[in-house]
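Engineer: I am attaching a structure below and will ask some questions about it afterwards.
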Amino acid sequence: MNARAELPIVIAPGQRTEVGYIGQIVPRPNARRLLQGRGVFVDDLRFPRLAHVVFFRSPHAHARIKKLDFSKARNMPGVIAIVDGRAVAEYCKPWVAVLGHLKGIKSPPQHAIAIERACWAGEAVAAVVAESRAQAEDALEHIEAEWETLPIVVDMEDALAGRYVIHPEFEDNICFKRELDTGEVDAAFAKADVVVEETFEFGRHTGVTLEGRSLLADYNAAEHTLTVYHSTQAPHMMQDILSRHLDIPEANVRVIAKDVGGSYGIKVHVYPDEMATAALSVMLRRPVKFVADRLESFLTDIHAREHKAKIRLACTKDGEILAFDLDDLTAIGPYSVYPRTSGIEGNQVVNLTGGPYKHKQYRAKMNVVFTNKNVTCQYRAVGHPIAVALTEGIVDLAAEKLGMDPVEFRRRNLIPDDAYPYTSASGMKFEKLSHEQALKKLLELMDYDKLRAEQAELRKKGVHRGIGIAAMIEVTNPSPAFYGVGGARISSQDGATLRLEPTGMVTCMVSVTEQGQGTEGIFAQIAATAVGVSIDRVRIVTGDTGVTPYGGGTWASRGAGIGGEAVLQAGKVLRANILEVAAAILQSSGEMLDVRNDNVVDTRTGEVKLSLTELGRVAYFRPDTLPMNFQSELMVTRHYTPRSYGFAFTNGFQASLVEVDVDTGFVKLLKHWCVEDCGTIINPLLVDEQIRGGVVQGIGAALLEECVYSPEGQLLNANMADYLVPMAGEMPDIVIGHVVTPTGTSELGAKGAGEAGTAGAPAAVMNAINDALRPLGARVAAQPFTPERILKALGKV
């Protein structure tokens with residue numbers, strides 16, 4: 001998995017090139033600490049009087065709570081409190097997850113602990129607080145419950161039909177619906193030479209983070225303050241939500257995200273059990289910790305991507321795409337998830353389907369429905385894998401019907417690289433994409449013609465190899481148009497504070513959090529470059545609302561593009577302020593000075609005039625030696641919000657080479673390629689590994705991962721033995737290439753890269769499998785593409 005098309009310079013910590021650290025491979029500053037076991041995760045924290053909470057969860061997919069008997073459980077050793085939903089509701093107000101710009105979206109109020117009924121198997125209906133986790137779990141076994149089971153809706157088509165409505169206050173099970181029509185779709189299909197149609201299905205799956213969801217809340221009644229240690233992506237968002245729903249002033253709430261063991265979007269949502277934990281801390285006036293075990297994670301971590309979509313494509317005999325027509329149905333569980341809502345994924349599918357191509361006509365209909373399964377919401381590459389698979393799957397089908405090479409078909413329809421800025425048929429505004437360059441580079445990397453020749457020879461020998469291609473676009477650097485415009489209190493800005501210490505070190509505090517993706521590393525590179533210091537003299541602080549500037553955190557591939565720009569701008573101002581201090585000390589003109597390699601130097605000769613250590617000593621401890629009216633300002637805060645475009649779209653191409661065993665249905669991944677244009681590349685190694693990780697996650701969705709429910713609404717594979725995830729030994733070499741088109745909306749020019757691999761991999765793998773099966777007259781369209789489904793397509797089972 002370590003193949004790479006181009007190898008940039010690798011530099012050791014402290015080594016600096018003439019142009020700085022941006023664009024260089026630099027080891028992450030936190031890697032050594034983590035590898036030595038010095039990471040601090042929520043479950044590592046110990047406090048005096050710390051209590052532990054576990055939740056009594058509904059065994060039924062839909063049931064009314066007739067009685068909860070806590071009498072036996074309360075007498076168990078170590079039990080501090082056992083509470084139901086009504087008790088917690090006195091401390092935590094319910095929420096409703098809707099957004100103003102998603103017209104018509106609806107969802108019922110949701111409580112931290114269910115009060116009258118449970119709406120999915122796994123929903124919490126009571127909490128046990130004890131002196132240890134083991135004691136709490138023992139007591140949990142002694143809770144007695146009486147239930148009245150209610151009708152359930154598990155299938156999303158049944159939900160859409162409305163034969164039973166889950167929430168009686170609504171007339172149907174539709175959470176949100178959207179229609180888009182450019183106006184002349186029917187005419188385009190009427191004049192088309194070729195029309196192709198397919199129904200694609202996508203199995204719901206989840207993030208499977210290494211560290212489960214976890215939260216430790218510590219309420220101080222004397223000061224009416226709440227400190228929350230949280231494995232989260234968005235500390236400031238959670239600070240705001242905890243403040244409003246627990247009635248504690250926002251300034252009195254501090255959220256700290258220490259080391260986080262992976263997120264993938266799973267940890268950017270509000271979870272009822274986590275809100276209940278904070279409420280219990282307030283209720284009991286002591287610290288309370290909740291850590292989800294693996295079973296709880298499968299049952300309650302948000303799921304994603306349960307879709308069934310019919311798509312049609314119209315084109316001419318020469319291969320010109322005239323129109324797309326989409327009808328998408330997606331199921332989200334019984335509630336829209338707070339505060340981002342569960343309508344965004346389907347909305348993204350509508351926005352992004354057909355994205356790379358220059359057709360003018362597009363029609364889409366999308367329904368988001370409630371069901372009695374766990375809730376779904378935003379997960380890595382929200383909506384992208386669905387939209388890309390729909391688009392690229394139907395494009396391949398059209399090329400097949402025309403007898404045209406799939407690469408040539410795409411080449412004829414891609415938006416030309418010189419056509420930007422460009423508005424897509426769905427209304428998405430693209431600043432500058434580079435699909436033509438990316439496709440050219442991809443074909444060179446994979447030696448496409450040679451692979452096709454090898455494929456033809458192997459087919460003669462009964463070996464069934466397939467080559468799949470997929471174009472992709474990725475939403476990054478979201479502006480306020482994503483959530484803020486809908487009324488959500490989710491910040492689209494990020495901030496950075498840089499401070500020169502008396503020793504000449506630079507402390508950089510950033511509102512973007514570190515989740516294991518390497519943001520601390522790139523912020524150190526940007527800060528060191530902007531200020532003019534060596535990277536080992538930069539210290540990064542993230543994930544603490546009590547220290548860092550206000551910002552959105554980590555989601556939607558925004559860390560480098562938004563947080564990085566804030567760091568750059570703060571660093572430039574700090575550098576200028578340092579030079580003002582130096583000029584005052586040296587009684588020289590600041591225009592003749594610069595900061596290089598931890599020193600103030602003469603720009604003409606490069607002569608060192610003053611070390612930053614000495615400058616810090618004078619500025620902090622001997623300001624009396626400076627001019628009377630001069631004041632040093634060696635701490636700078638800057639924020640950045642993207643405004644010119646709704647998003648900074650990235651783009652690229654992926655390709656997959658597979659071999660299908662037609663007797664067993666097993667798919668062997670032979671090689672995978674990805675060419676991505678994410679703008680300015682700050683650290684090539686981090687970018688490449690982010691893309692590789694995303695590709696692996698996308699392959700998991702394509703071949704392995706699915707949350708399987710019974711007709712009774714029970715999750716059947718809530719464990720790591722039955723829920724399959726990709727393993728290193730099963731993955732192919734993943735070759736990464738780049739096209740670089742910096743965004744003009746920021747000085748840094750960086751876009752995001754964290755979700756591109758996930759966005760395009762399922763489509764590339766699907767097309768490769770179908771390419772292998774094509775001579776046999778078979779195809780698959782339901783993910784994951786398991787051996788059973790492949791054998792069914794071949795008519796062998």
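Every chain in the structure tokens has a letter given in the order shown (A, B, ...), and although residue numbers restart at 1 in each chain, ligands are simply numbered from 1 in the order shown.
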Can you check which residues of range 56-128 of chain A DSSP gives as strand (DSSP E or B) on the backbone and send them as a list in words?
Structural biologist: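 Of range 56-128 of chain A, the ones in strand (DSSP E or B) are Phe56, Arg57, Ala63, Arg64, Ile65, Lys66, Lys67, Leu68, Asp69, Val79, Ile80, Ala81, Ile82, Val83, Asp84, Trp95, Gln110, Arg117, Ala118, Ala124, Val125, Ala126, Ala127 and Val128 of chain A.
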Engineer: When you look at range 296-306 of chain A with a cut-off of 6 Å (counting only C-alpha atoms), what residues show up, excluding the ones that are within fewer than 2 positions of it in the same chain? I need them as a tab-separated table (two decimals) with N, CA and C atoms, in the first residue's frame.
Structural biologist:
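Writing the result to result-v1.tsv gives the following:
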chain	number	residue	atom	x	y	z
A	122	GLY	N	-31.76	-0.36	21.05
A	122	GLY	CA	-30.51	0.27	21.48
A	122	GLY	C	-30.72	1.65	22.04
A	202	PHE	N	-27.44	0.65	-1.64
A	202	PHE	CA	-26.26	0.88	-0.80
A	202	PHE	C	-26.60	0.45	0.62
A	203	GLY	N	-25.79	-0.46	1.17
A	203	GLY	CA	-26.03	-0.93	2.53
A	203	GLY	C	-25.55	0.06	3.56
A	204	ARG	N	-26.36	0.26	4.59
A	204	ARG	CA	-25.94	1.19	5.66
A	204	ARG	C	-24.73	0.61	6.39
A	205	HIS	N	-23.82	1.49	6.75
A	205	HIS	CA	-22.64	1.07	7.50
A	205	HIS	C	-22.22	2.19	8.44
A	206	THR	N	-21.15	1.98	9.17
A	206	THR	CA	-20.77	2.95	10.19
A	206	THR	C	-19.25	3.11	10.23
A	292	ALA	N	-18.48	4.32	25.42
A	292	ALA	CA	-19.26	3.31	24.69
A	292	ALA	C	-18.39	2.10	24.41
A	293	ASP	N	-18.91	0.91	24.75
A	293	ASP	CA	-18.20	-0.29	24.36
A	293	ASP	C	-18.52	-0.60	22.89
A	294	ARG	N	-17.92	-1.64	22.36
A	294	ARG	CA	-18.05	-1.89	20.92
A	294	ARG	C	-19.49	-2.23	20.52
A	330	THR	N	-33.78	7.27	0.86
A	330	THR	CA	-32.81	6.97	1.92
A	330	THR	C	-33.51	6.94	3.26
A	331	ALA	N	-33.08	6.04	4.14
A	331	ALA	CA	-33.68	5.86	5.46
A	331	ALA	C	-32.72	6.34	6.53
A	375	VAL	N	-30.20	5.71	14.11
A	375	VAL	CA	-30.18	6.92	13.30
A	375	VAL	C	-28.99	6.93	12.33
A	376	THR	N	-29.16	7.65	11.24
A	376	THR	CA	-28.05	7.86	10.30
A	376	THR	C	-27.78	9.35	10.17
A	377	CYS	N	-26.55	9.67	9.83
A	377	CYS	CA	-26.19	11.08	9.64
A	377	CYS	C	-24.86	11.15	8.90
A	718	ALA	N	-23.59	-6.83	15.23
A	718	ALA	CA	-23.00	-5.75	16.03
A	718	ALA	C	-21.75	-6.20	16.76
Engineer: Nearest residue to Pro29 in chain A out of A:Phe170, A:Phe523, A:Tyr164, A:Phe785, using only C-alpha atoms?
Structural biologist: A:Phe523
Engineer: Please return, as a list in words, all residues of range 520-574 of chain A that DSSP assigns to alpha helix (DSSP H) on the basis of the backbone.
Structural biologist: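 Restricting range 520-574 of chain A to alpha helix (DSSP H) produces Glu520, Gly521, Ile522, Phe523, Ala524, Gln525, Ile526, Ala527, Ala528, Thr529, Ala530, Val531, Gly564, Glu565, Ala566, Val567, Leu568, Gln569, Ala570, Gly571, Lys572, Val573 and Leu574 of chain A.
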Engineer: For Ile386 in chain A, which residue out of A:Val463, A:Leu776, A:Val54, A:Ile473 is the nearest one, using only C-alpha atoms?
Structural biologist: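 So, comparing all the options, the nearest one is A:Ile473.
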Engineer: Contacts between range 255-265 of chain A and range 164-233 of chain A, please, where a residue of range 164-233 of chain A counts if it comes within 6 Å (with only C-alpha atoms); show its shortest atom pair and distance in Å to one decimal, rows by chain and ascending number, as a tab-separated table.
Structural biologist:
residue	atom	partner	partner_atom	distance
A:Thr209	CA	A:Gly262	CA	5.3
A:Leu210	CA	A:Gly261	CA	5.5
A:Glu211	CA	A:Gly261	CA	4.6
A:Thr227	CA	A:Val255	CA	5.9
A:Val228	CA	A:Val255	CA	4.8
A:Tyr229	CA	A:Ile256	CA	4.8
A:His230	CA	A:Ala257	CA	5.2
A:Ser231	CA	A:Val260	CA	5.5
Engineer: Contacts of Thr613 in chain A at 7 Å or less, counting only C-alpha atoms, minus same-chain residues fewer than 4 places along, as a ChimeraX atom specification?
Structural biologist: /A:502-504,617
Engineer: With range 136-156 of chain A as the partner and 9 Å as the cut-off, tabulate the residues of range 367-411 of chain A that qualify, each row holding the nearest pair of atoms and their distance in Å to one decimal, using only C-alpha atoms, sorted by chain and rising number, as a tab-separated table.
Structural biologist:
residue	atom	partner	partner_atom	distance
A:Val368	CA	A:Met156	CA	8.9
A:Val369	CA	A:Met156	CA	6.7
A:Phe370	CA	A:Met156	CA	7.7
A:Thr371	CA	A:Val153	CA	5.2
A:Asn372	CA	A:Val153	CA	5.5
A:Lys373	CA	A:Val154	CA	6.6
Engineer: Write a file of the just-selected residues containing C-alpha atoms, as a PDB file, in the first residue's frame.
Structural biologist:
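And here is the file that came out, part-v3.pdb:
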ATOM      1  CA  VAL A 368     -35.603  10.856   3.399  1.00  0.00           C
ATOM      2  CA  VAL A 369     -37.740   8.578   5.575  1.00  0.00           C
ATOM      3  CA  PHE A 370     -37.981   7.579   9.221  1.00  0.00           C
ATOM      4  CA  THR A 371     -37.537   3.899  10.173  1.00  0.00           C
ATOM      5  CA  ASN A 372     -37.150   1.922  13.405  1.00  0.00           C
ATOM      6  CA  LYS A 373     -33.401   1.423  13.055  1.00  0.00           C
TER       7      LYS A 373
END
Engineer: Excluding Met509 in chain A and any residue of its chain fewer than 3 positions from it, enumerate the residues within 9 Å of it, using only C-alpha atoms, and give them as a PDB file with N, CA and C atoms, in the first residue's frame.
Structural biologist:
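Result file follows (part.pdb):
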ATOM      1  N   GLY A 495     -10.040  29.834  13.806  1.00  0.00           N
ATOM      2  CA  GLY A 495      -9.124  30.861  14.282  1.00  0.00           C
ATOM      3  C   GLY A 495      -7.810  30.279  14.740  1.00  0.00           C
ATOM      4  N   ALA A 496      -6.801  31.131  14.753  1.00  0.00           N
ATOM      5  CA  ALA A 496      -5.471  30.731  15.225  1.00  0.00           C
ATOM      6  C   ALA A 496      -4.867  31.883  16.021  1.00  0.00           C
ATOM      7  N   THR A 497      -4.283  31.549  17.155  1.00  0.00           N
ATOM      8  CA  THR A 497      -3.532  32.511  17.969  1.00  0.00           C
ATOM      9  C   THR A 497      -2.087  32.051  18.013  1.00  0.00           C
ATOM     10  N   LEU A 498      -1.189  32.923  17.595  1.00  0.00           N
ATOM     11  CA  LEU A 498       0.243  32.624  17.646  1.00  0.00           C
ATOM     12  C   LEU A 498       0.920  33.567  18.635  1.00  0.00           C
ATOM     13  N   ARG A 499       1.770  33.003  19.465  1.00  0.00           N
ATOM     14  CA  ARG A 499       2.457  33.790  20.490  1.00  0.00           C
ATOM     15  C   ARG A 499       3.938  33.467  20.487  1.00  0.00           C
ATOM     16  N   ARG A 539       5.005  24.905  18.990  1.00  0.00           N
ATOM     17  CA  ARG A 539       4.149  24.034  19.807  1.00  0.00           C
ATOM     18  C   ARG A 539       2.708  24.292  19.414  1.00  0.00           C
ATOM     19  N   ILE A 540       1.959  23.225  19.148  1.00  0.00           N
ATOM     20  CA  ILE A 540       0.572  23.343  18.701  1.00  0.00           C
ATOM     21  C   ILE A 540      -0.375  22.954  19.833  1.00  0.00           C
ATOM     22  N   VAL A 541      -1.411  23.760  20.024  1.00  0.00           N
ATOM     23  CA  VAL A 541      -2.453  23.483  21.009  1.00  0.00           C
ATOM     24  C   VAL A 541      -3.793  23.486  20.277  1.00  0.00           C
ATOM     25  N   THR A 542      -4.566  22.424  20.406  1.00  0.00           N
ATOM     26  CA  THR A 542      -5.880  22.341  19.766  1.00  0.00           C
ATOM     27  C   THR A 542      -6.881  21.753  20.750  1.00  0.00           C
ATOM     28  N   GLY A 543      -8.165  21.865  20.404  1.00  0.00           N
ATOM     29  CA  GLY A 543      -9.197  21.117  21.084  1.00  0.00           C
ATOM     30  C   GLY A 543      -9.552  21.567  22.479  1.00  0.00           C
ATOM     31  N   VAL A 547      -9.026  27.830  25.611  1.00  0.00           N
ATOM     32  CA  VAL A 547      -7.723  28.350  25.190  1.00  0.00           C
ATOM     33  C   VAL A 547      -7.729  28.802  23.730  1.00  0.00           C
ATOM     34  N   THR A 548      -8.294  28.005  22.861  1.00  0.00           N
ATOM     35  CA  THR A 548      -8.190  28.279  21.429  1.00  0.00           C
ATOM     36  C   THR A 548      -9.230  29.295  20.979  1.00  0.00           C
ATOM     37  N   PRO A 549      -8.986  29.993  19.870  1.00  0.00           N
ATOM     38  CA  PRO A 549      -9.995  30.891  19.314  1.00  0.00           C
ATOM     39  C   PRO A 549     -11.239  30.115  18.887  1.00  0.00           C
ATOM     40  N   VAL A 567      -3.914  30.144  10.467  1.00  0.00           N
ATOM     41  CA  VAL A 567      -2.550  30.051  10.994  1.00  0.00           C
ATOM     42  C   VAL A 567      -1.596  30.886  10.150  1.00  0.00           C
TER      43      VAL A 567
END
Engineer: Mind checking which residues fall within 12 Å of Thr423 in chain A, counting only C-alpha atoms, ignoring those fewer than 4 positions away in the same chain, and posting them as a list in words?
Structural biologist: Asn351, Leu352, Gly355, Pro356, Tyr357, Lys358, His359, Lys360, Ile415, Ala419, Gly427, Met428, Lys429, Phe430, Glu431, Lys432, Leu433, Tyr645, Gly646 and Phe649 of chain A
Engineer: Check the smallest atom-to-atom distance from each of A:Lys191, A:Phe653, A:Arg643, A:Ala570 to Arg411 in chain A using only C-alpha atoms, then report the winner.
Structural biologist: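 With only C-alpha atoms as the atom set, the closest residue is A:Phe653.
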Engineer: Could you pull the residues within 8 Å of Val797 in chain A, counting only C-alpha atoms, minus those fewer than 5 positions along the same chain, as a VMD selection string?
Structural biologist: chain A and resid 788 791 to 792
Engineer: Listing only residues of range 381-410 of chain A within 12 Å of range 769-773 of chain A, what is the closest atom pair and its distance in Å (to one decimal) for each, using only C-alpha atoms, sorted by chain and residue number ascending, as JSON lines?
Structural biologist:
{"residue": "A:Glu392", "atom": "CA", "partner": "A:Asn770", "partner_atom": "CA", "distance": 11.9}
{"residue": "A:Gly393", "atom": "CA", "partner": "A:Asn770", "partner_atom": "CA", "distance": 9.3}
{"residue": "A:Ile394", "atom": "CA", "partner": "A:Asn770", "partner_atom": "CA", "distance": 11.6}
{"residue": "A:Asp396", "atom": "CA", "partner": "A:Asp771", "partner_atom": "CA", "distance": 9.0}
{"residue": "A:Leu397", "atom": "CA", "partner": "A:Asn770", "partner_atom": "CA", "distance": 9.5}
{"residue": "A:Ala399", "atom": "CA", "partner": "A:Asp771", "partner_atom": "CA", "distance": 11.4}
{"residue": "A:Glu400", "atom": "CA", "partner": "A:Asp771", "partner_atom": "CA", "distance": 9.5}
{"residue": "A:Asp405", "atom": "CA", "partner": "A:Asp771", "partner_atom": "CA", "distance": 11.1}
{"residue": "A:Pro406", "atom": "CA", "partner": "A:Asp771", "partner_atom": "CA", "distance": 10.1}
Engineer: Using only C-alpha atoms, can you tell me which of A:Ala134, A:Ile467, A:Ala121, A:Ile80 comes closest to Glu659 in chain A?
Structural biologist: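 With only C-alpha atoms as the atom set, the closest residue is A:Ile467.
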Engineer: Please determine, counting only C-alpha atoms, which residue among A:Pro334, A:Gln233, A:Ser611, A:Lys106 has the shortest atom-to-atom distance to Ala159 in chain A.
Structural biologist: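 The closest residue to Ala159 in chain A is A:Pro334.
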Engineer: So that I can check the surroundings of Tyr271 in chain A, please list as a list of chain:residue names every protein, DNA and RNA residue that reaches within 9 Å of it, counting only C-alpha atoms and ignoring chain neighbours fewer than 3 positions away.
Structural biologist: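 That gives A:Ala112, A:Lys267, A:Glu274, A:Met275, A:Ala276, A:Thr300, A:Asp301, A:Ile302, A:Val337, A:Tyr338.
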Engineer: So, with only C-alpha atoms as the atoms that count, which of A:Arg33, A:Arg133, A:His639, A:Arg74 lies closest to Gly571 in chain A?
Structural biologist: A:His639
Engineer: To one decimal place, how far is CA of Arg213 in chain A from CA of Gly486 in chain A in Å?
Structural biologist: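 Going from CA of Arg213 in chain A over to CA of Gly486 in chain A covers 27.1 Å.
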